[in-house]
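Coordinates from target34.cif are shown below (mmCIF, C-alpha atoms).
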data_query
#
loop_
_atom_site.label_atom_id
_atom_site.label_comp_id
_atom_site.auth_asym_id
_atom_site.auth_seq_id
_atom_site.Cartn_x
_atom_site.Cartn_y
_atom_site.Cartn_z
CA MET O 1 13.99 -3.01 32.64
CA GLU O 2 10.20 -2.97 32.25
CA GLU O 3 10.21 0.85 31.99
CA ASP O 4 12.62 0.74 29.05
CA ARG O 5 10.40 -1.41 26.86
CA PRO O 6 7.79 1.14 25.68
CA PRO O 7 10.39 3.75 24.63
CA GLU O 8 12.42 1.09 22.83
CA ALA O 9 9.27 -0.17 21.11
CA GLY O 10 8.53 3.37 19.99
CA ARG O 11 12.03 3.89 18.61
CA ARG O 12 11.83 0.59 16.76
CA ALA O 13 8.49 1.60 15.22
CA VAL O 14 9.96 4.92 14.08
CA ARG O 15 12.98 3.20 12.52
CA GLN O 16 10.78 0.72 10.70
CA GLY O 17 8.43 3.46 9.54
CA LEU O 18 11.24 5.60 8.16
CA ALA O 19 12.85 2.62 6.41
CA VAL O 20 9.58 1.62 4.75
CA ALA O 21 8.82 5.24 3.84
CA LEU O 22 12.21 5.66 2.19
CA ALA O 23 11.93 2.43 0.20
CA THR O 24 8.34 3.01 -0.86
CA SER O 25 8.84 6.65 -1.81
CA ALA O 26 11.61 5.67 -4.20
CA TYR O 27 9.30 3.84 -6.58
CA GLY O 28 7.07 6.90 -6.88
CA ILE O 29 9.54 7.79 -9.62
CA SER O 30 8.19 4.86 -11.63
CA PHE O 31 4.63 6.13 -11.22
CA GLY O 32 5.57 9.61 -12.37
CA ALA O 33 7.37 8.28 -15.45
CA LEU O 34 4.63 5.78 -16.33
CA SER O 35 1.92 8.40 -15.90
CA VAL O 36 3.59 10.82 -18.30
CA ALA O 37 4.21 7.96 -20.74
CA ALA O 38 0.49 7.10 -20.55
CA GLY O 39 -0.43 10.59 -21.76
CA LEU O 40 -0.99 12.58 -18.57
CA ASP O 41 0.95 15.79 -18.10
CA VAL O 42 3.14 16.64 -15.10
CA TRP O 43 0.38 18.62 -13.37
CA GLN O 44 -2.20 15.83 -13.71
CA THR O 45 0.33 13.26 -12.50
CA CYS O 46 1.15 15.26 -9.38
CA VAL O 47 -2.53 15.89 -8.59
CA LEU O 48 -3.17 12.15 -8.70
CA SER O 49 -0.48 11.55 -6.08
CA LEU O 50 -1.58 14.47 -3.93
CA LEU O 51 -5.27 13.55 -3.86
CA MET O 52 -5.49 9.82 -4.55
CA PHE O 53 -2.37 8.69 -2.66
CA THR O 54 -2.75 4.97 -2.96
CA GLY O 55 -0.08 3.46 -5.15
CA GLY O 56 -1.95 0.43 -6.45
CA SER O 57 -4.95 2.51 -7.54
CA GLN O 58 -2.71 5.08 -9.19
CA PHE O 59 -0.81 2.46 -11.18
CA ALA O 60 -4.14 0.84 -12.19
CA PHE O 61 -5.47 4.20 -13.36
CA VAL O 62 -2.53 5.10 -15.58
CA GLY O 63 -2.27 1.50 -16.81
CA VAL O 64 -5.82 1.53 -18.16
CA ILE O 65 -5.32 5.02 -19.63
CA ALA O 66 -2.15 3.80 -21.36
CA ALA O 67 -4.03 0.86 -22.87
CA GLY O 68 -7.18 2.67 -23.97
CA GLY O 69 -6.44 6.38 -24.06
CA ILE O 70 -8.75 9.05 -22.70
CA ALA O 71 -11.77 7.03 -23.84
CA ALA O 72 -10.85 4.48 -21.17
CA ALA O 73 -11.10 7.07 -18.36
CA PRO O 74 -14.36 5.60 -16.89
CA ALA O 75 -12.78 2.12 -16.74
CA ALA O 76 -9.62 3.59 -15.26
CA ILE O 77 -11.59 5.33 -12.51
CA ALA O 78 -13.56 2.16 -11.78
CA SER O 79 -10.38 0.07 -11.56
CA ALA O 80 -8.71 2.57 -9.24
CA ALA O 81 -11.80 2.65 -7.02
CA LEU O 82 -11.98 -1.14 -6.86
CA LEU O 83 -8.37 -1.38 -5.75
CA GLY O 84 -8.95 1.39 -3.21
CA VAL O 85 -11.60 -0.70 -1.45
CA ARG O 86 -8.85 -2.46 0.49
CA ASN O 87 -8.11 0.78 2.36
CA VAL O 88 -11.61 0.65 3.85
CA ALA O 89 -10.77 -2.72 5.37
CA TYR O 90 -7.50 -1.30 6.71
CA GLY O 91 -9.38 1.61 8.25
CA MET O 92 -11.80 -0.71 10.04
CA ARG O 93 -8.89 -2.70 11.43
CA LEU O 94 -6.96 0.35 12.63
CA SER O 95 -9.84 2.53 13.81
CA PRO O 96 -9.85 1.38 17.47
CA GLN O 97 -6.34 2.74 18.05
CA PHE O 98 -7.33 6.33 17.21
CA ASP O 99 -9.32 8.36 19.75
CA GLY O 100 -11.68 11.09 18.60
CA ILE O 101 -13.37 11.77 15.29
CA TRP O 102 -10.78 14.32 14.14
CA ARG O 103 -7.88 11.94 14.65
CA LYS O 104 -9.75 9.20 12.83
CA MET O 105 -10.46 11.53 9.92
CA ALA O 106 -6.82 12.60 9.74
CA ALA O 107 -5.67 8.98 9.85
CA ALA O 108 -7.93 8.07 6.92
CA GLY O 109 -5.74 10.01 4.53
CA PHE O 110 -2.64 8.03 5.48
CA THR O 111 -4.23 4.57 5.69
CA ILE O 112 -2.35 2.62 3.03
CA ASP O 113 -0.72 -0.82 2.74
CA GLU O 114 2.58 0.21 4.28
CA SER O 115 1.31 2.30 7.21
CA THR O 116 -1.10 -0.51 8.10
CA ALA O 117 1.63 -3.17 7.91
CA VAL O 118 4.08 -1.22 10.08
CA SER O 119 1.41 -0.38 12.64
CA LEU O 120 0.13 -3.94 12.97
CA ALA O 121 3.68 -5.26 13.28
CA GLN O 122 4.10 -3.45 16.63
CA THR O 123 3.09 -4.89 19.98
CA ASP O 124 2.94 -1.70 22.07
CA THR O 125 -0.10 0.59 21.71
CA ARG O 126 1.96 3.78 21.45
CA ALA O 127 4.37 2.11 19.04
CA LYS O 128 1.46 1.14 16.79
CA ALA O 129 0.40 4.77 16.52
CA LEU O 130 3.97 5.98 15.99
CA GLY O 131 4.58 3.40 13.28
CA PHE O 132 1.39 4.39 11.51
CA TRP O 133 1.98 8.16 11.50
CA VAL O 134 5.69 8.01 10.68
CA THR O 135 5.12 5.61 7.80
CA GLY O 136 2.02 7.30 6.40
CA ILE O 137 3.27 10.89 6.56
CA GLY O 138 6.77 9.91 5.46
CA ILE O 139 5.48 8.11 2.39
CA TYR O 140 3.07 10.93 1.52
CA ILE O 141 5.89 13.46 1.45
CA GLY O 142 8.39 11.19 -0.28
CA TRP O 143 5.89 9.77 -2.75
CA ASN O 144 4.83 13.19 -3.99
CA ILE O 145 8.42 14.38 -4.33
CA SER O 146 9.44 11.28 -6.27
CA THR O 147 6.28 11.45 -8.41
CA LEU O 148 7.25 14.96 -9.49
CA ALA O 149 10.81 13.81 -10.20
CA GLY O 150 9.61 10.85 -12.27
CA ALA O 151 7.17 12.99 -14.23
CA LEU O 152 9.82 15.60 -15.01
CA LEU O 153 12.34 12.95 -16.01
CA GLY O 154 9.82 10.88 -17.98
CA ASP O 155 10.75 12.28 -21.36
CA VAL O 156 14.46 11.91 -20.60
CA LEU O 157 14.14 8.30 -19.46
CA GLY O 158 12.17 7.22 -22.50
CA ASP O 159 10.08 4.06 -22.16
CA PRO O 160 9.83 3.27 -18.40
CA ARG O 161 9.52 -0.44 -19.19
CA ALA O 162 13.04 -0.46 -20.59
CA TYR O 163 14.34 0.21 -17.07
CA GLY O 164 11.97 -2.13 -15.29
CA LEU O 165 10.12 0.79 -13.67
CA ASP O 166 6.78 -0.81 -14.53
CA ALA O 167 7.65 -3.65 -12.13
CA ALA O 168 8.88 -1.45 -9.29
CA ALA O 169 5.55 -1.31 -7.45
CA ALA O 170 5.10 -5.09 -7.59
CA ALA O 171 8.65 -5.64 -6.37
CA ALA O 172 8.18 -3.28 -3.43
CA PHE O 173 4.90 -4.93 -2.47
CA LEU O 174 6.53 -8.36 -2.63
CA ALA O 175 9.30 -7.11 -0.35
CA LEU O 176 6.67 -6.13 2.23
CA LEU O 177 4.77 -9.41 1.83
CA TRP O 178 7.69 -11.84 1.86
CA PRO O 179 8.58 -11.61 5.60
CA ARG O 180 4.99 -12.56 6.48
CA LEU O 181 5.12 -15.83 4.52
CA ALA O 182 6.53 -17.68 7.51
CA GLY O 183 3.86 -20.31 8.07
CA ARG O 184 1.85 -22.84 6.09
CA GLN O 185 -1.32 -20.79 6.33
CA ALA O 186 0.26 -17.62 4.95
CA ILE O 187 1.87 -19.52 2.07
CA ALA O 188 -1.40 -21.29 1.19
CA VAL O 189 -3.28 -17.97 1.20
CA GLY O 190 -0.65 -16.29 -0.96
CA ILE O 191 -0.54 -19.10 -3.55
CA ALA O 192 -4.34 -19.36 -3.80
CA ALA O 193 -4.77 -15.61 -4.24
CA ALA O 194 -1.98 -15.41 -6.83
CA VAL O 195 -3.38 -18.27 -8.90
CA VAL O 196 -6.88 -16.78 -8.93
CA ALA O 197 -5.62 -13.31 -9.88
CA THR O 198 -3.44 -14.73 -12.67
CA VAL O 199 -6.26 -16.80 -14.19
CA LEU O 200 -8.86 -14.03 -14.05
CA THR O 201 -6.72 -11.07 -15.15
CA PRO O 202 -7.07 -11.69 -18.93
CA ALA O 203 -10.86 -12.07 -18.67
CA LEU O 204 -11.97 -9.32 -16.28
CA MET O 205 -11.66 -5.55 -15.98
CA PRO O 206 -8.50 -4.41 -14.17
CA GLY O 207 -9.08 -4.31 -10.43
CA VAL O 208 -11.76 -7.00 -10.29
CA PRO O 209 -9.30 -9.97 -10.19
CA VAL O 210 -7.56 -8.36 -7.22
CA LEU O 211 -10.80 -8.12 -5.25
CA ILE O 212 -11.79 -11.69 -6.10
CA ALA O 213 -8.31 -12.88 -5.13
CA ALA O 214 -8.69 -11.05 -1.81
CA LEU O 215 -11.97 -12.87 -1.15
CA VAL O 216 -10.30 -16.18 -1.97
CA ALA O 217 -7.48 -15.31 0.43
CA ILE O 218 -10.00 -14.64 3.20
CA VAL O 219 -11.82 -17.92 2.57
CA VAL O 220 -8.61 -19.99 2.40
CA GLY O 221 -7.19 -18.30 5.47
CA TRP O 222 -10.37 -18.87 7.47
CA ALA O 223 -10.66 -22.50 6.38
CA ASP O 224 -7.04 -23.18 7.34
CA ARG O 225 -7.35 -21.72 10.83
CA PRO O 226 -8.03 -25.04 12.62
CA ALA O 227 -5.03 -26.66 10.95
CA ALA O 228 -2.83 -23.70 11.80
CA LYS O 229 -3.91 -23.82 15.44
CA ALA O 230 -3.29 -27.56 15.62
CA ALA O 231 0.18 -27.13 14.14
CA SER O 232 1.05 -24.47 16.72
#

What would the structure in this file look like if it were written as structure tokens?
Amino acid sequence: MEEDRPPEAGRRAVRQGLAVALATSAYGISFGALSVAAGLDVWQTCVLSLLMFTGGSQFAFVGVIAAGGIAAAPAAIASAALLGVRNVAYGMRLSPQFDGIWRKMAAAGFTIDESTAVSLAQTDTRAKALGFWVTGIGIYIGWNISTLAGALLGDVLGDPRAYGLDAAAAAAFLALLWPRLAGRQAIAVGIAAAVVATVLTPALMPGVPVLIAALVAIVVGWADRPAAKAAS
């Protein structure tokens, strides 16, 4: 029975990775449509997905462009970069499971919210790596295909907001987050971060409220550790 556990853990990681990749790739259509609606052409939209490949940063970029036009490009780049900072933290967390500089460099390109979440959800070392690669590569392929589809269909669909496509990314992220809100600590962190982001969003440049909310989440989570341990 003990010998069956690692293979089963690996198969479970692959299934989870493929499921997340399929679900996440689907809302690349919303990015493609929103990007074209913001004024970028199909080629520019596809290059963003090919080279940037971090959904939150991409949505922030086209959102600022849509609001301020090409003159807002510097702010759009800054916002996208600020949101991309989170991937550095993911990389630091995942780095120990990759041996060799070349493997670490290859993994950097696929270190996103979803690949990190699937990897960390596994308990077996091999399953962690499988979950990461299946999720990351699967989303990269699917995201770029759906981005192209959304960009090509953008003119046909009309205003993406009429179909709720502007909320697709937030809905998908909430679907990933919801299963983790199982304890008092996680709920407290989520509420505190959401309140801070909501209050600061009208006053600060896009991207900055997210980073501040992340810092608040870290502080609240750290402060609540003794209570969480006592409750367990």

> Can you list what the PyMOL selection byres ((chain O and resi 97) around 12) grabs from this structure, as an MDAnalysis selection string?
Replying inline: chainID O and resid 91:96 98:101 103:104 107 116 119:120 124:133

>> Please determine, counting only C-alpha atoms, which residue among O:Ser25, O:Ile212, O:Leu50, O:Thr45 has the shortest atom-to-atom distance to Val199 in chain O.
In response: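 Smallest separation from Val199 in chain O among the options: O:Ile212.
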
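Between CA of Thr147 in chain O and CA of Gly32 in chain O there is a distance of 4.4 Å.
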
> Using all atoms listed in the file, which residue out of O:Ile191, O:Met105, O:Ile112, O:Leu48 lies closest to Phe31 in chain O?
Replying inline: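 Nearest candidate to Phe31 in chain O out of O:Ile191, O:Met105, O:Ile112, O:Leu48: O:Leu48.
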
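From CA of Ala197 in chain O back to CA of Leu22 in chain O, the distance works out to 28.7 Å.
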
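Of note, CA of Gly138 in chain O and CA of Val36 in chain O are spaced 24.0 Å apart.
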
> Using all atoms listed in the file, which of O:Thr198, O:Gln16, O:Ser57, O:Met52 sits nearest Ser115 in chain O?
Replying inline: O:Gln16

> Between O:Ala37, O:Ala193, O:Ala121, O:Ala106, which is the closest to Arg12 in chain O once you count only C-alpha atoms?
Replying inline: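 Selected residue with least distance to Arg12 in chain O: O:Ala121.
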
> Do you know which residues are at most 9 Å from Val134 in chain O counting all atoms listed in the file, after dropping those on the same chain fewer than 6 positions away, and could you put them as a PyMOL selection string?
Replying inline: chain O and resi 13-18+21+115

> Applied to this file, what does the PyMOL selection byres ((chain O and resi 24) around 9) return in terms of residues, put as a PyMOL selection string?
Replying inline: chain O and resi 19-23+25-28+114+139+142-143+169+172-173
